[in-house]
Amino acid sequence: MLRVAEQYAASDTGRQRRANEDSLLARAPLFVVADGMGGAQAGEVASRIAVESFQTGLADGSHPELELSSLAQAANARIHALSHANAEQAGMGTTLTAVYVGEQEVAIAHVGDSRAYCLRDGELLRLTDDHSLVDELMRQGRLTPEEAVEHPQRSVITRALGPEDAVEVDTRSFRARANDVYLLCSDGLTTMLSEPEIQALLRAHAKLREAGEALIAAANNAGGRDNITVILLRLEEVHVADGAPAADGATIVGLPPVTAADALPSTASQPALSEPALSEPASASARSSTALSSPPTAAARRTPRAAPARTREPASRRSRPRLRHSGALAFVTIVLVLLASAAYLALQSVYFIGTNSRGLVTLYQGLPYKLPGNLALYSSQYVSGVSASTLSAQQRHTLLDHSLRSEGDAGNLIHNLELEQLE
């Protein structure tokens, strides 16, 4: 069977937008990108609702295309109802691209012009069709790809969640393979970079984090006209007995309270580092280092020929030490598993705010520490469009002290910062 071996998720405001209307969900085996549209922050509301509709995951995954379509229809109904109940959000909508990783196939649900790709054997395969005016014209042979790039109505989409009370959701299943890399992205990436450029960047970086950061940086360098959201995931083949969940945890992004991903914090007075800089009171490696080793194998016993005869213990007595040893080992193993599970759950429930390697204010999930071997106890969840260098002293004190917060509290702080409402 297949599972997600590595993943990366990030959303960047870009260089020409003041707010981020993209949202994402990265919780293996389900991944979602939504790109909102509408005034008065209505776009971010629509994309957030779309992502929230998928947070519970699929009921059983036995019919993933049907379940993905059903969740998309539910999101459409919620967005449509809200747009009619609130005049400021009238006409709001969002794109949606969702991918579910099954045991042998990847199921896709799609509405709008966000996209899904597969990089297989170095070749980039596009898995979705844009529901946009220029793509419709290209499919009809009335427009060439070169003409579409500069078409004045290239941003007009023909299908989205929310504007209508009913929406047609495209679904398909794609036979997956080990080592496939899947890319989900908003059009903030694909309008800035061509598919050959995307393919080249994915092939140039073995690690998904490096590839994702390179894609976002390239889109910004090309102009960054829109919000840029990127999700990357790599698949691996595992035996059923090895089928543990992926270790990358969950990423949920979208504003107001829903959130995204990149690198980690440094205080505003510190220079940005290629790896997130942490103001740690004490390094995790200095606090604890524990090694477990297997007991040495006992050497086989031999009785010398000249040795005097000894009375043998009953077999039941000889076996007791072994039983006690096995029971103690089992007990220790269970305790370690319970402690590891508790630690994992704790890391999923706490968040903090810092800055990433580009100096942007970033939301992180987990604890601001690293274990020996450079193993981070955090993952970036949302990258804002605000540079730490622009913060006031009070804002730095509020945001960049690595205080542990709830997801909603941290997300609201960053949201208010981007709206210039944070004192």
# chains A, B, ... in the order shown; residues from 1 in each chain; ligands from 1

$ select_by_dssp --residues "region 23-127 of chain A" --states "strand (DSSP E or B)" --output "MDAnalysis selection string"
chainID A and resid 23:27 30:37 93:94 96:101 105:111 115:120 123:126

$ select_by_dssp --residues "region 113-178 of chain A" --states "alpha helix (DSSP H)" --output "MDAnalysis selection string"
chainID A and resid 133:139 145:149

$ write_last_selection --atoms "N, CA and C atoms" --output "PDB file, in the first residue's frame"
ATOM      1  N   LEU A 133     -12.068  31.033 -18.418  1.00  0.00           N
ATOM      2  CA  LEU A 133     -12.462  31.435 -19.760  1.00  0.00           C
ATOM      3  C   LEU A 133     -11.389  31.097 -20.780  1.00  0.00           C
ATOM      4  N   VAL A 134     -10.118  31.396 -20.483  1.00  0.00           N
ATOM      5  CA  VAL A 134      -9.075  31.163 -21.479  1.00  0.00           C
ATOM      6  C   VAL A 134      -8.874  29.665 -21.727  1.00  0.00           C
ATOM      7  N   ASP A 135      -9.020  28.836 -20.686  1.00  0.00           N
ATOM      8  CA  ASP A 135      -8.878  27.396 -20.905  1.00  0.00           C
ATOM      9  C   ASP A 135     -10.039  26.838 -21.723  1.00  0.00           C
ATOM     10  N   GLU A 136     -11.231  27.370 -21.505  1.00  0.00           N
ATOM     11  CA  GLU A 136     -12.372  26.950 -22.329  1.00  0.00           C
ATOM     12  C   GLU A 136     -12.119  27.308 -23.791  1.00  0.00           C
ATOM     13  N   LEU A 137     -11.597  28.498 -24.037  1.00  0.00           N
ATOM     14  CA  LEU A 137     -11.302  28.927 -25.406  1.00  0.00           C
ATOM     15  C   LEU A 137     -10.191  28.084 -26.018  1.00  0.00           C
ATOM     16  N   MET A 138      -9.192  27.719 -25.210  1.00  0.00           N
ATOM     17  CA  MET A 138      -8.115  26.861 -25.728  1.00  0.00           C
ATOM     18  C   MET A 138      -8.642  25.476 -26.069  1.00  0.00           C
ATOM     19  N   ARG A 139      -9.520  24.927 -25.213  1.00  0.00           N
ATOM     20  CA  ARG A 139     -10.075  23.591 -25.489  1.00  0.00           C
ATOM     21  C   ARG A 139     -10.931  23.600 -26.755  1.00  0.00           C
ATOM     22  N   PRO A 145      -2.038  28.643 -26.424  1.00  0.00           N
ATOM     23  CA  PRO A 145      -1.452  28.849 -25.090  1.00  0.00           C
ATOM     24  C   PRO A 145      -0.679  30.146 -24.987  1.00  0.00           C
ATOM     25  N   GLU A 146      -0.012  30.541 -26.059  1.00  0.00           N
ATOM     26  CA  GLU A 146       0.749  31.795 -26.046  1.00  0.00           C
ATOM     27  C   GLU A 146      -0.183  32.995 -25.938  1.00  0.00           C
ATOM     28  N   GLU A 147      -1.317  32.941 -26.631  1.00  0.00           N
ATOM     29  CA  GLU A 147      -2.292  34.031 -26.549  1.00  0.00           C
ATOM     30  C   GLU A 147      -2.963  34.078 -25.179  1.00  0.00           C
ATOM     31  N   ALA A 148      -3.142  32.902 -24.567  1.00  0.00           N
ATOM     32  CA  ALA A 148      -3.821  32.843 -23.270  1.00  0.00           C
ATOM     33  C   ALA A 148      -3.028  33.545 -22.182  1.00  0.00           C
ATOM     34  N   VAL A 149      -1.678  33.508 -22.298  1.00  0.00           N
ATOM     35  CA  VAL A 149      -0.833  34.105 -21.263  1.00  0.00           C
ATOM     36  C   VAL A 149      -1.100  35.596 -21.120  1.00  0.00           C
TER      37      VAL A 149
END

$ residues_around --residues "Leu391 (chain A)" --least-positions-apart "3" --cutoff "12 Å" --atoms "only C-alpha atoms" --output "compact mmCIF listing (two decimals) with C-alpha atoms, in the first residue's frame"
# COMPACT_ATOMS: atom_id res chain seq x y z
CA THR A 267 13.30 37.66 17.10
CA ALA A 268 13.25 40.88 15.11
CA SER A 269 16.66 41.85 16.44
CA THR A 355 9.69 34.61 11.58
CA GLY A 359 12.05 37.41 7.76
CA LEU A 360 8.26 37.11 7.37
CA VAL A 361 5.99 36.69 10.38
CA VAL A 386 4.43 41.08 6.84
CA SER A 387 8.18 41.46 7.35
CA ALA A 388 9.41 41.45 10.94
CA GLN A 394 5.18 46.56 21.01
CA GLN A 395 4.23 44.29 18.09
CA ARG A 396 7.53 42.43 18.40
CA HIS A 397 6.90 41.90 22.10
CA THR A 398 3.37 40.64 21.40
CA LEU A 399 4.19 38.35 18.49
CA LEU A 400 7.78 37.15 18.63
CA LEU A 417 -1.46 42.15 11.79
CA GLU A 418 -2.07 41.74 8.06
CA GLU A 420 -2.99 46.60 10.16
CA LEU A 422 -2.69 44.97 15.63
CA GLU A 423 -1.43 47.59 18.08

$ atom_distance --atom1 "CA of Ala410 (chain A)" --atom2 "CA of Asp12 (chain A)"
17.0 Å

$ atom_distance --atom1 "CA of Ser11 (chain A)" --atom2 "CA of Ser384 (chain A)"
7.8 Å

$ residues_around --residues "region 180-193 of chain A" --least-positions-apart "6" --cutoff "6 Å" --atoms "only C-alpha atoms" --output "list of chain:residue names"
A:Ser114, A:Arg115, A:Ala116, A:Tyr117, A:Cys118, A:Leu119, A:Arg120, A:Ala219, A:Ala222, A:Asp226, A:Asn227, A:Ile228, A:Thr229, A:Val230, A:Ile231, A:Leu232, A:Leu233, A:Arg234, A:Leu235

$ write_last_selection --atoms "C-alpha atoms" --output "PDB file, in the first residue's frame"
ATOM      1  CA  SER A 114      -6.252  25.941  -8.782  1.00  0.00           C
ATOM      2  CA  ARG A 115      -4.356  22.879  -9.986  1.00  0.00           C
ATOM      3  CA  ALA A 116      -3.001  19.430  -9.146  1.00  0.00           C
ATOM      4  CA  TYR A 117       0.134  17.957 -10.747  1.00  0.00           C
ATOM      5  CA  CYS A 118       2.128  14.749 -10.460  1.00  0.00           C
ATOM      6  CA  LEU A 119       5.902  14.640 -10.938  1.00  0.00           C
ATOM      7  CA  ARG A 120       6.684  11.077 -12.046  1.00  0.00           C
ATOM      8  CA  ALA A 219       6.797  33.167  -8.264  1.00  0.00           C
ATOM      9  CA  ALA A 222       8.471  36.867 -11.343  1.00  0.00           C
ATOM     10  CA  ASP A 226      -1.367  37.035  -6.427  1.00  0.00           C
ATOM     11  CA  ASN A 227      -1.345  34.914  -3.283  1.00  0.00           C
ATOM     12  CA  ILE A 228       0.834  31.826  -3.745  1.00  0.00           C
ATOM     13  CA  THR A 229      -0.140  28.523  -2.120  1.00  0.00           C
ATOM     14  CA  VAL A 230       1.872  25.321  -2.541  1.00  0.00           C
ATOM     15  CA  ILE A 231       1.328  21.810  -1.171  1.00  0.00           C
ATOM     16  CA  LEU A 232       3.823  19.062  -2.000  1.00  0.00           C
ATOM     17  CA  LEU A 233       3.652  15.394  -0.995  1.00  0.00           C
ATOM     18  CA  ARG A 234       5.788  12.379  -1.798  1.00  0.00           C
ATOM     19  CA  LEU A 235       4.473   8.798  -1.690  1.00  0.00           C
TER      20      LEU A 235
END

$ atom_distance --atom1 "CA of Glu88 (chain A)" --atom2 "CA of Gln55 (chain A)"
26.0 Å
